[in-house]
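J.: What follows is input15.txt; its format and atoms are compact mmCIF, C-alpha atoms.
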```txt
# COMPACT_ATOMS: atom_id res chain seq x y z
CA MET O 1 -3.17 -20.00 32.40
CA SER O 2 -3.11 -16.20 32.30
CA ASN O 3 -0.52 -14.33 34.28
CA GLY O 4 -2.54 -11.14 34.51
CA LEU O 5 -0.29 -8.09 34.62
CA LEU O 6 2.74 -9.93 33.31
CA ASP O 7 0.90 -10.92 30.17
CA GLU O 8 -0.43 -7.43 29.78
CA LEU O 9 3.09 -6.03 30.07
CA MET O 10 4.38 -8.37 27.38
CA ASP O 11 1.49 -7.47 25.19
CA ALA O 12 2.11 -3.75 25.70
CA LEU O 13 5.81 -4.08 24.85
CA ARG O 14 4.88 -5.49 21.46
CA CYS O 15 3.78 -2.04 20.29
CA LEU O 16 7.47 -1.23 19.78
CA PRO O 17 8.85 -1.77 16.27
CA GLY O 18 10.64 -5.09 15.83
CA VAL O 19 9.37 -6.54 19.10
CA GLY O 20 7.54 -9.82 18.72
CA ALA O 21 6.23 -12.22 21.35
CA LYS O 22 9.64 -13.68 22.20
CA SER O 23 11.45 -10.35 22.54
CA ALA O 24 8.58 -8.94 24.59
CA GLN O 25 8.85 -11.86 26.98
CA ARG O 26 12.62 -11.39 27.30
CA MET O 27 12.22 -7.67 27.96
CA ALA O 28 9.46 -8.18 30.54
CA PHE O 29 11.49 -10.74 32.51
CA TYR O 30 14.61 -8.61 32.26
CA ILE O 31 13.07 -5.50 33.75
CA LEU O 32 11.31 -7.42 36.51
CA GLU O 33 14.29 -9.58 37.44
CA ARG O 34 17.24 -7.28 36.90
CA ASP O 35 16.48 -3.65 36.40
CA ARG O 36 13.43 -2.43 38.22
CA ILE O 37 14.96 1.04 38.71
CA GLY O 38 15.68 1.39 35.01
CA ALA O 39 12.16 0.29 34.20
CA GLN O 40 10.71 2.79 36.66
CA LYS O 41 12.67 5.55 34.94
CA LEU O 42 11.54 4.35 31.52
CA SER O 43 7.90 4.32 32.49
CA GLU O 44 8.13 7.84 33.94
CA LYS O 45 9.88 9.17 30.86
CA ILE O 46 7.35 7.61 28.51
CA ALA O 47 4.50 9.14 30.51
CA GLN O 48 6.18 12.57 30.61
CA ALA O 49 7.08 12.50 26.93
CA LEU O 50 3.56 11.61 25.92
CA GLU O 51 2.19 14.40 27.98
CA LYS O 52 4.65 17.14 27.09
CA ILE O 53 5.98 16.51 23.59
CA GLY O 54 3.90 17.88 20.78
CA HIS O 55 4.71 19.36 17.39
CA CYS O 56 6.56 22.62 16.79
CA ARG O 57 4.16 25.21 15.45
CA LYS O 58 6.52 26.16 12.66
CA CYS O 59 8.40 23.07 11.50
CA ARG O 60 6.12 20.26 12.74
CA ASN O 61 9.05 18.48 14.36
CA PHE O 62 8.59 17.02 17.86
CA SER O 63 9.04 19.68 20.50
CA GLU O 64 8.30 20.30 24.16
CA VAL O 65 7.71 23.97 23.56
CA GLU O 66 5.53 25.71 21.03
CA LEU O 67 8.53 26.77 18.97
CA CYS O 68 11.37 24.20 18.84
CA HIS O 69 14.98 25.10 19.63
CA ILE O 70 15.94 25.30 15.96
CA CYS O 71 13.02 27.49 14.88
CA SER O 72 13.55 29.84 17.82
CA ASN O 73 17.32 30.15 17.36
CA PRO O 74 18.01 33.72 16.11
CA LYS O 75 21.38 32.69 14.66
CA ARG O 76 19.69 30.42 12.14
CA ASP O 77 19.03 31.79 8.66
CA SER O 78 15.27 31.92 8.36
CA ARG O 79 15.39 32.51 4.60
CA LEU O 80 16.64 28.95 4.04
CA LEU O 81 14.18 26.10 4.49
CA CYS O 82 15.16 22.45 4.25
CA ILE O 83 12.26 20.03 3.80
CA VAL O 84 12.61 16.49 5.13
CA GLU O 85 10.26 13.53 5.51
CA SER O 86 10.90 12.62 9.15
CA PRO O 87 12.55 13.82 12.36
CA ALA O 88 15.23 11.15 11.81
CA ASP O 89 16.03 12.65 8.40
CA MET O 90 16.26 16.09 9.98
CA LEU O 91 18.72 14.80 12.52
CA ALA O 92 20.79 13.19 9.75
CA VAL O 93 21.01 16.48 7.85
CA GLU O 94 21.73 18.39 11.04
CA GLN O 95 24.63 16.08 11.90
CA ALA O 96 26.11 15.72 8.42
CA ALA O 97 25.77 19.05 6.68
CA ASP O 98 26.94 22.44 7.82
CA TYR O 99 23.43 23.74 7.43
CA GLN O 100 22.35 26.86 9.27
CA GLY O 101 18.84 27.33 7.93
CA LEU O 102 15.50 26.10 9.25
CA TYR O 103 13.56 22.89 8.63
CA PHE O 104 10.09 21.71 7.79
CA VAL O 105 9.31 18.13 8.75
CA LEU O 106 6.57 16.53 6.64
CA MET O 107 6.08 13.50 8.92
CA GLY O 108 5.44 11.42 5.82
CA LYS O 109 5.42 11.66 2.05
CA LEU O 110 2.86 11.89 -0.71
CA SER O 111 1.69 8.38 -1.41
CA PRO O 112 -1.59 8.32 -3.33
CA LEU O 113 -1.85 4.52 -3.30
CA ASP O 114 -1.77 4.60 0.51
CA GLY O 115 -4.31 7.42 0.52
CA ILE O 116 -1.82 10.06 1.69
CA GLY O 117 -2.42 13.42 0.04
CA PRO O 118 -0.99 16.96 0.37
CA GLU O 119 -2.97 17.91 3.51
CA ASP O 120 -1.86 14.78 5.35
CA ILE O 121 1.77 15.91 5.24
CA GLY O 122 1.08 19.53 6.18
CA LEU O 123 1.51 21.10 2.76
CA ASP O 124 -1.30 23.55 3.51
CA MET O 125 0.77 24.73 6.48
CA LEU O 126 3.89 24.86 4.32
CA GLU O 127 2.12 26.98 1.73
CA LEU O 128 1.15 29.50 4.41
CA ARG O 129 4.81 29.70 5.30
CA PHE O 130 5.76 30.28 1.66
CA ALA O 131 3.12 32.98 1.46
CA SER O 132 4.51 34.76 4.53
CA ASP O 133 7.43 35.99 2.44
CA GLU O 134 10.02 34.80 4.91
CA VAL O 135 11.58 32.02 2.84
CA SER O 136 13.82 32.71 -0.16
CA GLU O 137 15.26 29.25 -0.85
CA VAL O 138 13.80 25.80 -0.35
CA ILE O 139 16.07 22.76 -0.18
CA LEU O 140 14.19 19.55 -0.89
CA ALA O 141 15.71 16.67 1.07
CA THR O 142 12.97 14.09 0.60
CA ASN O 143 14.13 10.52 -0.03
CA PRO O 144 15.05 9.27 -3.50
CA THR O 145 12.00 7.01 -3.79
CA VAL O 146 9.09 7.55 -6.18
CA GLU O 147 6.99 8.92 -3.33
CA GLY O 148 9.85 11.19 -2.24
CA GLU O 149 10.15 12.48 -5.82
CA ALA O 150 6.40 13.03 -6.07
CA THR O 151 6.54 15.01 -2.83
CA ALA O 152 9.51 17.04 -4.06
CA HIS O 153 7.84 17.97 -7.37
CA PHE O 154 4.66 19.02 -5.60
CA ILE O 155 6.47 21.25 -3.11
CA SER O 156 8.66 22.64 -5.84
CA SER O 157 5.70 23.87 -7.84
CA LEU O 158 4.13 25.32 -4.67
CA ALA O 159 7.35 27.22 -4.03
CA HIS O 160 7.57 28.47 -7.61
CA LYS O 161 4.09 29.90 -7.23
CA TYR O 162 5.55 32.23 -4.59
CA GLN O 163 8.73 32.91 -6.59
CA ILE O 164 10.89 30.99 -4.13
CA SER O 165 13.98 29.32 -5.54
CA VAL O 166 14.09 25.55 -5.14
CA THR O 167 16.98 23.11 -4.99
CA ARG O 168 16.93 19.34 -4.61
CA ILE O 169 19.67 17.37 -2.83
CA ALA O 170 21.88 15.46 -5.29
CA HIS O 171 21.57 11.70 -5.71
CA GLY O 172 24.42 9.56 -6.92
CA VAL O 173 27.53 7.55 -6.44
CA PRO O 174 28.46 6.98 -2.78
CA LEU O 175 31.80 8.29 -1.50
CA GLY O 176 34.54 5.71 -1.98
CA GLY O 177 32.25 3.76 -4.31
CA GLU O 178 33.28 2.31 -7.64
CA LEU O 179 31.17 2.98 -10.72
CA GLU O 180 31.47 -0.64 -11.76
CA TYR O 181 29.53 -1.73 -8.70
CA VAL O 182 26.97 1.05 -8.56
CA ASP O 183 23.47 -0.11 -9.53
CA ARG O 184 21.83 1.09 -12.76
CA GLY O 185 19.16 3.20 -11.09
CA THR O 186 21.62 5.20 -9.00
CA LEU O 187 24.10 5.62 -11.83
CA SER O 188 21.42 6.80 -14.23
CA ARG O 189 20.33 9.38 -11.63
CA ALA O 190 23.91 10.45 -11.10
CA PHE O 191 24.29 10.96 -14.84
CA SER O 192 21.12 12.94 -15.36
CA GLY O 193 22.00 15.13 -12.39
CA ARG O 194 25.64 15.69 -13.36
CA LEU O 195 27.33 18.95 -12.38
CA LYS O 196 29.36 21.39 -14.39
CA LEU O 197 32.97 21.74 -13.22
CA MET E 1 -0.79 -26.19 -4.53
CA ASP E 2 2.28 -26.98 -6.62
CA VAL E 3 5.32 -24.80 -6.31
CA GLU E 4 5.35 -22.12 -8.97
CA ARG E 5 8.85 -21.05 -9.97
CA VAL E 6 9.07 -18.03 -12.22
CA HIS E 7 12.35 -16.96 -13.69
CA GLN E 8 13.19 -13.47 -14.98
CA GLN E 9 9.65 -12.38 -15.65
CA PRO E 10 9.16 -8.86 -17.12
CA CYS E 11 7.45 -6.86 -14.34
CA PHE E 12 6.69 -3.42 -13.00
CA VAL E 13 6.19 -2.64 -9.31
CA LEU E 14 2.71 -1.23 -8.68
CA HIS E 15 2.92 -0.71 -4.96
CA GLN E 16 4.92 -1.73 -1.95
CA ARG E 17 4.29 -1.72 1.75
CA PRO E 18 6.49 -2.53 4.74
CA TYR E 19 6.36 -6.05 6.10
CA LYS E 20 7.96 -6.98 9.42
CA ASN E 21 11.14 -5.08 10.23
CA THR E 22 13.16 -5.08 7.07
CA SER E 23 10.96 -6.70 4.42
CA LEU E 24 8.45 -5.44 1.91
CA ILE E 25 5.31 -6.79 0.31
CA VAL E 26 5.57 -5.81 -3.32
CA GLU E 27 2.67 -5.84 -5.74
CA VAL E 28 3.87 -6.26 -9.30
CA ILE E 29 2.21 -6.50 -12.68
CA SER E 30 3.93 -9.25 -14.63
CA ARG E 31 3.68 -10.00 -18.32
CA ASP E 32 2.58 -13.63 -18.07
CA HIS E 33 1.14 -14.02 -14.56
CA GLY E 34 -0.90 -10.86 -14.07
CA ARG E 35 -0.83 -8.99 -10.77
CA VAL E 36 1.21 -10.84 -8.17
CA SER E 37 1.97 -10.21 -4.47
CA LEU E 38 5.53 -10.99 -3.44
CA VAL E 39 7.42 -10.82 -0.18
CA ALA E 40 10.83 -9.25 -0.68
CA LYS E 41 12.87 -10.25 2.32
CA ALA E 42 15.43 -8.03 4.05
CA VAL E 43 15.17 -5.31 1.40
CA LYS E 44 15.32 -2.54 3.92
CA GLN E 45 18.66 -3.66 5.31
CA GLN E 46 21.38 -1.21 4.53
CA LYS E 47 23.30 -3.40 2.12
CA SER E 48 20.44 -4.94 0.17
CA PRO E 49 21.07 -4.46 -3.56
CA LEU E 50 17.31 -4.69 -4.15
CA LYS E 51 16.72 -1.42 -2.32
CA SER E 52 17.55 0.67 -5.37
CA ILE E 53 15.72 -1.66 -7.77
CA LEU E 54 12.29 -2.34 -6.31
CA HIS E 55 10.69 0.98 -7.21
CA SER E 56 7.54 1.69 -9.16
CA PHE E 57 7.69 2.62 -12.85
CA GLN E 58 10.94 0.76 -13.58
CA PRO E 59 11.26 -2.02 -16.16
CA LEU E 60 12.40 -5.07 -14.18
CA ASN E 61 12.98 -8.76 -14.57
CA VAL E 62 11.73 -10.47 -11.43
CA SER E 63 12.05 -14.09 -10.27
CA TRP E 64 9.93 -15.68 -7.56
CA VAL E 65 8.80 -18.89 -5.93
CA ARG E 66 5.18 -19.33 -4.90
CA ARG E 67 3.58 -22.02 -2.81
CA SER E 68 0.53 -20.17 -1.54
CA GLU E 69 -1.33 -16.92 -2.05
CA MET E 70 1.84 -14.89 -1.72
CA GLY E 71 5.15 -15.59 -3.45
CA THR E 72 8.68 -14.92 -2.30
CA LEU E 73 10.82 -12.73 -4.48
CA THR E 74 14.14 -14.37 -5.23
CA ALA E 75 15.76 -11.91 -7.64
CA ALA E 76 15.08 -8.61 -9.40
CA GLU E 77 17.10 -6.55 -11.84
CA PHE E 78 16.58 -3.75 -14.32
CA SER E 79 15.68 -5.10 -17.74
CA GLU E 80 16.59 -1.87 -19.49
CA ALA E 81 17.72 1.65 -18.64
CA PRO E 82 15.66 3.12 -15.74
CA LEU E 83 12.87 5.58 -16.56
CA LEU E 84 13.03 9.04 -15.03
CA LEU E 85 9.51 10.40 -14.68
CA THR E 86 9.01 13.92 -13.40
CA GLU E 87 6.27 16.42 -12.59
CA ASP E 88 2.81 15.62 -13.97
CA LYS E 89 4.14 12.51 -15.74
CA LEU E 90 5.06 11.08 -12.35
CA TYR E 91 1.57 11.71 -10.92
CA ALA E 92 0.05 10.27 -14.08
CA ALA E 93 2.13 7.11 -13.56
CA PHE E 94 0.78 6.85 -10.00
CA TYR E 95 -2.69 7.10 -11.51
CA LEU E 96 -1.97 4.17 -13.83
CA ASN E 97 -0.79 2.13 -10.84
CA GLU E 98 -3.83 2.99 -8.77
CA LEU E 99 -6.12 2.01 -11.63
CA LEU E 100 -4.37 -1.34 -11.98
CA MET E 101 -4.38 -1.98 -8.22
CA ARG E 102 -8.10 -1.31 -8.11
CA LEU E 103 -9.19 -3.06 -11.29
CA LEU E 104 -6.91 -6.07 -11.82
CA ALA E 105 -7.59 -9.29 -9.98
CA GLN E 106 -4.54 -11.16 -8.70
CA TYR E 107 -3.03 -14.04 -10.69
CA ASP E 108 -5.15 -13.32 -13.72
CA PRO E 109 -2.73 -13.10 -16.67
CA MET E 110 -3.51 -10.14 -18.92
CA GLN E 111 -0.73 -9.63 -21.39
CA GLU E 112 -2.53 -6.83 -23.26
CA VAL E 113 -2.77 -4.80 -20.06
CA PHE E 114 0.91 -5.34 -19.32
CA LEU E 115 1.87 -4.21 -22.82
CA SER E 116 -0.42 -1.15 -22.71
CA TYR E 117 1.02 -0.23 -19.32
CA GLU E 118 4.59 -0.68 -20.53
CA THR E 119 3.90 1.48 -23.59
CA ALA E 120 2.19 4.16 -21.50
CA LEU E 121 5.15 4.38 -19.08
CA HIS E 122 7.66 4.67 -21.90
CA LYS E 123 5.55 7.40 -23.48
CA LEU E 124 5.32 9.21 -20.14
CA ASN E 125 9.11 9.18 -20.16
CA GLY E 126 9.00 11.04 -23.50
CA ILE E 127 7.45 14.24 -24.73
CA GLU E 128 3.93 13.16 -25.67
CA GLU E 129 1.12 14.95 -23.85
CA THR E 130 0.15 13.27 -20.57
CA GLU E 131 -3.60 13.46 -21.18
CA VAL E 132 -3.29 11.68 -24.53
CA ILE E 133 -1.26 8.83 -23.01
CA LEU E 134 -3.77 8.39 -20.16
CA ARG E 135 -6.84 8.29 -22.41
CA VAL E 136 -5.35 5.71 -24.76
CA PHE E 137 -4.31 3.56 -21.77
CA GLU E 138 -7.76 3.82 -20.19
CA LYS E 139 -9.41 2.78 -23.44
CA GLU E 140 -7.11 -0.22 -23.83
CA LEU E 141 -7.55 -1.20 -20.17
CA LEU E 142 -11.34 -1.10 -20.44
CA GLN E 143 -11.16 -3.22 -23.56
CA ALA E 144 -8.91 -5.82 -21.89
CA LEU E 145 -11.24 -5.99 -18.89
CA GLY E 146 -14.16 -6.79 -21.17
CA TYR E 147 -15.72 -3.33 -21.21
CA GLU E 148 -14.78 -2.34 -24.73
CA ILE E 149 -16.21 0.98 -25.87
CA ARG E 150 -17.29 0.56 -29.47
CA LEU E 151 -16.39 3.91 -30.99
CA SER E 152 -16.89 3.00 -34.62
CA GLU E 153 -20.44 1.65 -34.77
CA GLU E 154 -23.88 2.32 -33.36
CA ALA E 155 -24.99 -0.05 -30.60
CA ASP E 156 -28.52 -0.66 -31.88
CA THR E 157 -28.23 -0.56 -35.68
CA HIS E 158 -24.53 -1.54 -36.04
CA LEU E 159 -24.22 1.22 -38.61
CA PRO E 160 -20.84 2.91 -38.72
CA ILE E 161 -20.55 6.08 -36.65
CA ALA E 162 -20.85 9.09 -38.98
CA SER E 163 -18.66 12.08 -38.32
CA GLU E 164 -21.42 14.66 -38.86
CA LYS E 165 -23.98 13.01 -36.54
CA HIS E 166 -24.52 13.25 -32.80
CA TYR E 167 -24.67 10.28 -30.45
CA GLN E 168 -25.93 9.44 -27.01
CA PHE E 169 -23.86 7.18 -24.80
CA THR E 170 -25.43 4.55 -22.56
CA PRO E 171 -22.99 2.77 -20.25
CA GLU E 172 -22.56 -0.95 -20.95
CA TYR E 173 -24.50 -0.52 -24.20
CA GLY E 174 -22.87 2.00 -26.47
CA PHE E 175 -23.61 4.87 -28.81
CA THR E 176 -26.94 5.52 -30.47
CA ALA E 177 -27.69 8.27 -32.97
CA VAL E 178 -29.81 11.13 -31.60
CA GLU E 179 -30.88 14.64 -32.42
CA ARG E 180 -28.66 17.13 -30.69
CA THR E 181 -31.37 18.57 -28.50
CA GLU E 182 -32.80 15.29 -27.29
CA VAL E 183 -30.31 14.36 -24.55
CA SER E 184 -28.40 16.07 -21.78
CA GLN E 185 -24.95 17.40 -22.67
CA GLN E 186 -23.32 14.91 -20.34
CA TYR E 187 -24.11 11.94 -22.58
CA LEU E 188 -24.03 13.72 -25.94
CA PHE E 189 -21.08 13.14 -28.28
CA LYS E 190 -20.05 14.27 -31.74
CA GLY E 191 -19.43 11.52 -34.29
CA GLU E 192 -16.20 12.99 -35.60
CA HIS E 193 -14.72 13.12 -32.09
CA LEU E 194 -15.62 9.47 -31.45
CA LEU E 195 -13.99 8.38 -34.70
CA ALA E 196 -10.86 10.35 -33.86
CA PHE E 197 -10.64 8.71 -30.42
CA ASN E 198 -11.16 5.33 -32.06
CA GLU E 199 -8.00 5.91 -34.08
CA ASN E 200 -6.14 7.51 -31.14
CA ARG E 201 -5.94 10.83 -32.98
CA LEU E 202 -6.23 12.97 -29.86
CA THR E 203 -4.88 16.09 -31.46
CA GLU E 204 -7.52 18.66 -30.54
CA LYS E 205 -8.85 19.87 -27.21
CA ASP E 206 -12.43 18.88 -28.08
CA ILE E 207 -11.44 15.34 -29.00
CA LEU E 208 -9.47 15.00 -25.76
CA LYS E 209 -12.51 16.20 -23.83
CA THR E 210 -14.68 13.60 -25.55
CA ALA E 211 -12.12 10.88 -24.82
CA HIS E 212 -12.01 11.96 -21.17
CA ARG E 213 -15.81 11.92 -20.82
CA VAL E 214 -16.13 8.51 -22.46
CA THR E 215 -13.48 6.79 -20.34
CA TYR E 216 -14.56 8.60 -17.16
CA ILE E 217 -18.16 7.42 -17.41
CA ASN E 218 -17.00 3.85 -17.97
CA LEU E 219 -14.29 3.78 -15.34
CA LYS E 220 -16.56 5.35 -12.76
CA LYS E 221 -18.93 2.44 -13.13
CA LEU E 222 -16.12 -0.01 -12.41
CA LEU E 223 -14.44 1.97 -9.65
CA GLY E 224 -17.53 2.85 -7.66
CA ASP E 225 -17.70 5.82 -5.31
CA ARG E 226 -14.28 5.56 -3.68
CA PRO E 227 -12.25 8.29 -5.42
CA LEU E 228 -8.80 7.75 -6.89
CA LYS E 229 -6.28 9.58 -4.70
CA SER E 230 -3.73 9.84 -7.49
CA ARG E 231 -6.26 11.52 -9.74
CA GLU E 232 -6.93 14.11 -7.03
CA LEU E 233 -3.18 14.60 -6.66
CA LEU E 234 -2.69 15.07 -10.40
CA LEU E 235 -5.50 17.66 -10.46
CA ALA E 236 -4.13 19.42 -7.37
CA PHE E 237 -0.69 19.56 -8.99
CA LYS E 238 -2.10 21.03 -12.17
CA ALA E 239 -4.08 23.57 -10.17
CA ILE E 240 -0.88 24.98 -8.65
CA GLY E 241 1.00 25.34 -11.91
```
Is it possible to give me this structure as structure tokens?

T.:
Amino acid sequence: MSNGLLDELMDALRCLPGVGAKSAQRMAFYILERDRIGAQKLSEKIAQALEKIGHCRKCRNFSEVELCHICSNPKRDSRLLCIVESPADMLAVEQAADYQGLYFVLMGKLSPLDGIGPEDIGLDMLELRFASDEVSEVILATNPTVEGEATAHFISSLAHKYQISVTRIAHGVPLGGELEYVDRGTLSRAFSGRLKL
Amino acid sequence: MDVERVHQQPCFVLHQRPYKNTSLIVEVISRDHGRVSLVAKAVKQQKSPLKSILHSFQPLNVSWVRRSEMGTLTAAEFSEAPLLLTEDKLYAAFYLNELLMRLLAQYDPMQEVFLSYETALHKLNGIEETEVILRVFEKELLQALGYEIRLSEEADTHLPIASEKHYQFTPEYGFTAVERTEVSQQYLFKGEHLLAFNENRLTEKDILKTAHRVTYINLKKLLGDRPLKSRELLLAFKAIG
């Protein structure tokens, strides 16, 4: 027997990552039985966010305003541009590194076998930014996967075309790690990217 | 179906896509079992040792168990030192993977293709010219798939190809001797270039161009109209530099 709205609610909740039928059922009962106020707030916030949050015109990150708070901050060094794959990566860099430059969020990575090419991750927009003469150094913080590397090499040659210097974040042995236990792939990367002391 | 248990099989990852929250579906080309789909469970969890191993273009030994269409990966490790592909070599490697994903059927063992692929990746890790590596791989792949291009003899007369003559190419048939003016440039080839490609002597620009035209015509027939994204990417990359 169908429960109408209740079933529809459970079904809707399953659009969230990691939520299957069972979790959706638990969530639906929880908000109806125990936290109707919280659920009300959640539904309002989702509606507002969907309506108001778009992409920053400059860095493509999520933003309520046309220019996000980082891009519009005059204290930030606009000559430095850090390129990341996702908003979560940007947040990680922002929290970990003492970085005062600007960002460009690709919202993906080059992945030819999934049909994702340069335009799909905004590289046409990035090139316009390179051409505007504002950027003098690009820091490539894409992930150390083959797709991340492919993305990094592509952007690096775009940047070189405009005589912009390019650096890539280092990959290697984790802090507090022991070489003996580091996997071959990581260690080989760490070796090829060794630094002069 | 019986349970298939495969232990430490030489493999390369061709592609991977997310599956459920923390797992991956990995497509590999294996030496003895052809292209295989495997579920790699919990790889995306922070501590999974497989996270740094299951990447494309790396020589791996993979073990799996298979009861149905899709197997479950049970172990994977590097079989030799990892390859570090960069720039156009990296895009070329994507191209090899896309070709194999499009042209190889699953669970159809093709050892020659595996060996050609392995050789091509190792060469891409070296200094040899990318174009040369790709053309030789394409030729070997076509041959393994049953679309061998006979570069040393005429299709109709079976006479050996002569270096001073000109030839017309007909897909799925082969080369026939013609007068230079008889056919359109697109299907016209010089004998000496064909013989050089036959022996993988891709030392001159003109020979490389011939090799490219020959393999392109043949691959296009197999691939149909859907373009190869990695090929577009490789060309876009070259256009920048």

J.: I need the contact residues of chain E against chain O, so if you could list those with any atom within 10 Å, counting only C-alpha atoms, and return them as a count of residues only, that would help.

T.: 51

J.: Applying 12 Å and all atoms listed in the file, which residues near Thr74 of chain E remain after dropping the ones on its own chain fewer than 3 positions away? List them as a PDB file with C-alpha atoms, keeping the file's coordinate frame.

T.:
```pdb
ATOM      1  CA  ARG E   5       8.850 -21.050  -9.970  1.00  0.00           C
ATOM      2  CA  VAL E   6       9.070 -18.030 -12.220  1.00  0.00           C
ATOM      3  CA  HIS E   7      12.350 -16.960 -13.690  1.00  0.00           C
ATOM      4  CA  GLN E   8      13.190 -13.470 -14.980  1.00  0.00           C
ATOM      5  CA  GLN E   9       9.650 -12.380 -15.650  1.00  0.00           C
ATOM      6  CA  LEU E  38       5.530 -10.990  -3.440  1.00  0.00           C
ATOM      7  CA  VAL E  39       7.420 -10.820  -0.180  1.00  0.00           C
ATOM      8  CA  ALA E  40      10.830  -9.250  -0.680  1.00  0.00           C
ATOM      9  CA  LYS E  41      12.870 -10.250   2.320  1.00  0.00           C
ATOM     10  CA  ALA E  42      15.430  -8.030   4.050  1.00  0.00           C
ATOM     11  CA  VAL E  43      15.170  -5.310   1.400  1.00  0.00           C
ATOM     12  CA  LEU E  50      17.310  -4.690  -4.150  1.00  0.00           C
ATOM     13  CA  ASN E  61      12.980  -8.760 -14.570  1.00  0.00           C
ATOM     14  CA  VAL E  62      11.730 -10.470 -11.430  1.00  0.00           C
ATOM     15  CA  SER E  63      12.050 -14.090 -10.270  1.00  0.00           C
ATOM     16  CA  TRP E  64       9.930 -15.680  -7.560  1.00  0.00           C
ATOM     17  CA  VAL E  65       8.800 -18.890  -5.930  1.00  0.00           C
ATOM     18  CA  ARG E  66       5.180 -19.330  -4.900  1.00  0.00           C
ATOM     19  CA  GLY E  71       5.150 -15.590  -3.450  1.00  0.00           C
ATOM     20  CA  GLU E  77      17.100  -6.550 -11.840  1.00  0.00           C
TER      21      GLU E  77
END
```

J.: Give me the residues near segment 181-193 of chain E as a list in words, where near means some atom within 9 Å (using all atoms listed in the file) and where sequence neighbours in that chain fewer than 4 positions away do not count.

T.: Leu151, Ser152, Ile161, Ala162, Ser163, Glu164, Lys165, His166, Tyr167, Gln168, Phe169, Thr170, Phe175, Ala177, Phe197, Asn198, Leu202, Asp206, Ile207, Leu208, Thr210, Ala211, Arg213 and Val214 of chain E

J.: What is the atom CA of Val36 of chain E-atom CA of Leu24 of chain E distance in Å, reported with one decimal?

T.: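 Distance between the two atoms: 13.5 Å.
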
J.: Kindly indicate which residue among O:Ala49, O:Met10, O:Cys59, O:Leu140 lies nearest to Ile83 of chain O, using all atoms listed in the file for the distances.

T.: O:Leu140

J.: I'd like a table as a Markdown table: residues in segment 18-84 of chain O with an atom no more than 9 Å from segment 90-96 of chain O, each row giving the shortest atom pair and its distance in Å to one decimal, all atoms listed in the file counted, sorted by chain and rising residue number.

T.:
```
| residue | atom | partner | partner_atom | distance |
| --- | --- | --- | --- | --- |
| O:Asn61 | CA | O:Met90 | CA | 8.8 |
| O:Cys82 | CA | O:Met90 | CA | 8.6 |
| O:Ile83 | CA | O:Met90 | CA | 8.3 |
| O:Val84 | CA | O:Met90 | CA | 6.1 |
```

J.: Interatomic distance between atom CA of Glu4 of chain E and atom CA of Arg67 of chain E?

T.: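 Computing it gives 6.4 Å between the two atoms.
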
J.: Interatomic distance between atom CA of Ser63 of chain O and atom CA of Val105 of chain O?

T.: 11.9 Å

J.: Counting only C-alpha atoms, which of E:Asn200, E:Gln106, E:Ser116, E:Thr215 gets nearest to Glu27 of chain E?

T.: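 Comparing E:Asn200, E:Gln106, E:Ser116, E:Thr215 against Glu27 of chain E, the winner is E:Gln106.
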
J.: Using all atoms listed in the file, find the one residue out of E:His212, E:Asp156, E:Tyr173, E:Ile25 that sits nearest to Val136 of chain E.

T.: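 Looking at the shortest contact to Val136 of chain E, the residue is E:His212.
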